[in-house]
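The structure appears below as structure tokens.
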Amino acid sequence: MKRTNYIKIQDGRVDSQLDVMFYEEDGITYAYAPALDLVGYGNNLDEAKASFEIVIEEYFKFTTENNTLEADLRSHGWAVKEEESYNSPRFVDILKKNKQLQNVVNNDYSKVSEQFSYSVC
């Protein structure tokens, strides 16, 4: 399976593409990016998407300001492709280790590949 997740930092911007899975549990809708193990949630799909956008922006903001992005990505199995460019681990490798993802795929879910871009200046 082709890797679709990437993160690239250049010219004061973080550009990324992440697979985001949407699922419902106990009346709450979740937006989950297994490659980073980040979750947003809400009462419906729109709220979950909006929540996730805040979560991912805060993640990039915090990790770039504290110079911890590369270390955190490596802890999640990401590989450096070239300077300040990263590829996620394969989905199957994440699935083997991630109990939350195992629960998600055993239920109804949808998956989209979303692009996110943020200024880090």
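Following the order of the structure tokens, chains are lettered A, B, ..., residues in each are numbered from 1, and ligands are numbered from 1.
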
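Those residues that approach region 73-85 of chain A to within 9 Å, counting only C-alpha atoms, are Tyr6, Ile7, Lys8, Ile9, Gln10, Ala35, Leu36, Asp37, Asp93 and Ile94 of chain A; same-chain residues fewer than 6 positions away are not listed.
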
With all heavy atoms kept, could you save the residues just selected as an mmCIF file, in the first residue's frame?
```cif
data_model
loop_
_atom_site.group_PDB
_atom_site.id
_atom_site.type_symbol
_atom_site.label_atom_id
_atom_site.label_comp_id
_atom_site.auth_asym_id
_atom_site.auth_seq_id
_atom_site.Cartn_x
_atom_site.Cartn_y
_atom_site.Cartn_z
ATOM 1 N N TYR A 6 2.648 12.514 4.747
ATOM 2 C CA TYR A 6 3.963 13.148 4.737
ATOM 3 C C TYR A 6 3.878 14.467 5.485
ATOM 4 O O TYR A 6 2.804 15.040 5.672
ATOM 5 C CB TYR A 6 4.470 13.391 3.310
ATOM 6 C CG TYR A 6 3.697 14.436 2.550
ATOM 7 C CD1 TYR A 6 3.973 15.799 2.715
ATOM 8 C CD2 TYR A 6 2.674 14.082 1.688
ATOM 9 C CE1 TYR A 6 3.245 16.763 2.038
ATOM 10 C CE2 TYR A 6 1.947 15.044 1.006
ATOM 11 C CZ TYR A 6 2.246 16.380 1.182
ATOM 12 O OH TYR A 6 1.517 17.338 0.515
ATOM 13 N N ILE A 7 5.027 14.940 5.903
ATOM 14 C CA ILE A 7 5.168 16.251 6.518
ATOM 15 C C ILE A 7 6.423 16.860 5.933
ATOM 16 O O ILE A 7 7.469 16.206 5.874
ATOM 17 C CB ILE A 7 5.277 16.166 8.054
ATOM 18 C CG1 ILE A 7 3.977 15.626 8.654
ATOM 19 C CG2 ILE A 7 5.633 17.531 8.651
ATOM 20 C CD1 ILE A 7 4.053 15.318 10.123
ATOM 21 N N LYS A 8 6.318 18.097 5.495
ATOM 22 C CA LYS A 8 7.464 18.799 4.935
ATOM 23 C C LYS A 8 7.503 20.201 5.527
ATOM 24 O O LYS A 8 6.482 20.875 5.602
ATOM 25 C CB LYS A 8 7.367 18.867 3.414
ATOM 26 C CG LYS A 8 8.595 19.415 2.766
ATOM 27 C CD LYS A 8 8.587 19.178 1.273
ATOM 28 C CE LYS A 8 9.963 19.501 0.747
ATOM 29 N NZ LYS A 8 10.240 18.908 -0.516
ATOM 30 N N ILE A 9 8.688 20.625 5.933
ATOM 31 C CA ILE A 9 8.874 21.945 6.503
ATOM 32 C C ILE A 9 9.786 22.729 5.574
ATOM 33 O O ILE A 9 10.901 22.292 5.283
ATOM 34 C CB ILE A 9 9.502 21.873 7.905
ATOM 35 C CG1 ILE A 9 8.664 20.977 8.811
ATOM 36 C CG2 ILE A 9 9.662 23.261 8.495
ATOM 37 C CD1 ILE A 9 9.342 20.609 10.095
ATOM 38 N N GLN A 10 9.290 23.860 5.089
ATOM 39 C CA GLN A 10 10.141 24.718 4.273
ATOM 40 C C GLN A 10 9.562 26.119 4.223
ATOM 41 O O GLN A 10 8.339 26.297 4.307
ATOM 42 C CB GLN A 10 10.335 24.162 2.863
ATOM 43 C CG GLN A 10 9.134 24.249 1.955
ATOM 44 C CD GLN A 10 9.424 23.643 0.587
ATOM 45 O OE1 GLN A 10 9.800 22.487 0.510
ATOM 46 N NE2 GLN A 10 9.248 24.424 -0.447
ATOM 47 N N ALA A 35 -1.350 7.985 12.191
ATOM 48 C CA ALA A 35 0.085 8.169 11.973
ATOM 49 C C ALA A 35 0.713 9.095 13.009
ATOM 50 O O ALA A 35 1.912 9.031 13.261
ATOM 51 C CB ALA A 35 0.341 8.702 10.565
ATOM 52 N N LEU A 36 -0.106 9.957 13.630
ATOM 53 C CA LEU A 36 0.378 10.844 14.691
ATOM 54 C C LEU A 36 -0.296 10.569 16.026
ATOM 55 O O LEU A 36 0.050 11.171 17.030
ATOM 56 C CB LEU A 36 0.147 12.316 14.309
ATOM 57 C CG LEU A 36 0.970 12.824 13.137
ATOM 58 C CD1 LEU A 36 0.553 14.247 12.770
ATOM 59 C CD2 LEU A 36 2.458 12.768 13.454
ATOM 60 N N ASP A 37 -1.291 9.683 16.022
ATOM 61 C CA ASP A 37 -2.060 9.342 17.209
ATOM 62 C C ASP A 37 -2.721 10.584 17.816
ATOM 63 O O ASP A 37 -2.688 10.805 19.016
ATOM 64 C CB ASP A 37 -1.192 8.622 18.241
ATOM 65 C CG ASP A 37 -2.011 7.788 19.211
ATOM 66 O OD1 ASP A 37 -3.143 7.389 18.851
ATOM 67 O OD2 ASP A 37 -1.523 7.527 20.330
ATOM 68 N N ASP A 93 1.881 -1.326 9.628
ATOM 69 C CA ASP A 93 2.806 -1.295 10.764
ATOM 70 C C ASP A 93 2.204 -0.539 11.941
ATOM 71 O O ASP A 93 2.390 -0.923 13.097
ATOM 72 C CB ASP A 93 4.143 -0.676 10.347
ATOM 73 C CG ASP A 93 4.882 -1.536 9.335
ATOM 74 O OD1 ASP A 93 4.722 -2.772 9.357
ATOM 75 O OD2 ASP A 93 5.631 -0.958 8.507
ATOM 76 N N ILE A 94 1.481 0.543 11.644
ATOM 77 C CA ILE A 94 0.795 1.275 12.711
ATOM 78 C C ILE A 94 -0.277 0.379 13.331
ATOM 79 O O ILE A 94 -0.427 0.304 14.552
ATOM 80 C CB ILE A 94 0.156 2.572 12.178
ATOM 81 C CG1 ILE A 94 1.219 3.512 11.613
ATOM 82 C CG2 ILE A 94 -0.639 3.274 13.279
ATOM 83 C CD1 ILE A 94 0.641 4.687 10.851
#
```

Fill in: Near-Val55 (chain A) list (9 Å; only C-alpha atoms; drop same-chain fewer than 3 positions) as number ranges by chain
A: 38-40, 50-52, 58-60

Discussion item. To test your reading of the structure, identify every residue in region 7-75 of chain A that backbone DSSP assigns to helix (DSSP H, G or I), and report it as number ranges by chain.
Written reply: A: 45-65, 69-75

Response to the item:
Counting only C-alpha atoms, closest pick from A:Asp72, A:Glu24, A:Asp19, A:Glu53 relative to Lys111 (chain A) is A:Asp19

Item to complete: Do a neighbour search on region 103-105 of chain A at 12 Å with only C-alpha atoms, toss out local chain neighbours closer than 6 positions, and write the hits as a count of residues only.
Response: 19

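CA of Glu70 (chain A) is positioned 16.1 Å from CA of Gln17 (chain A).
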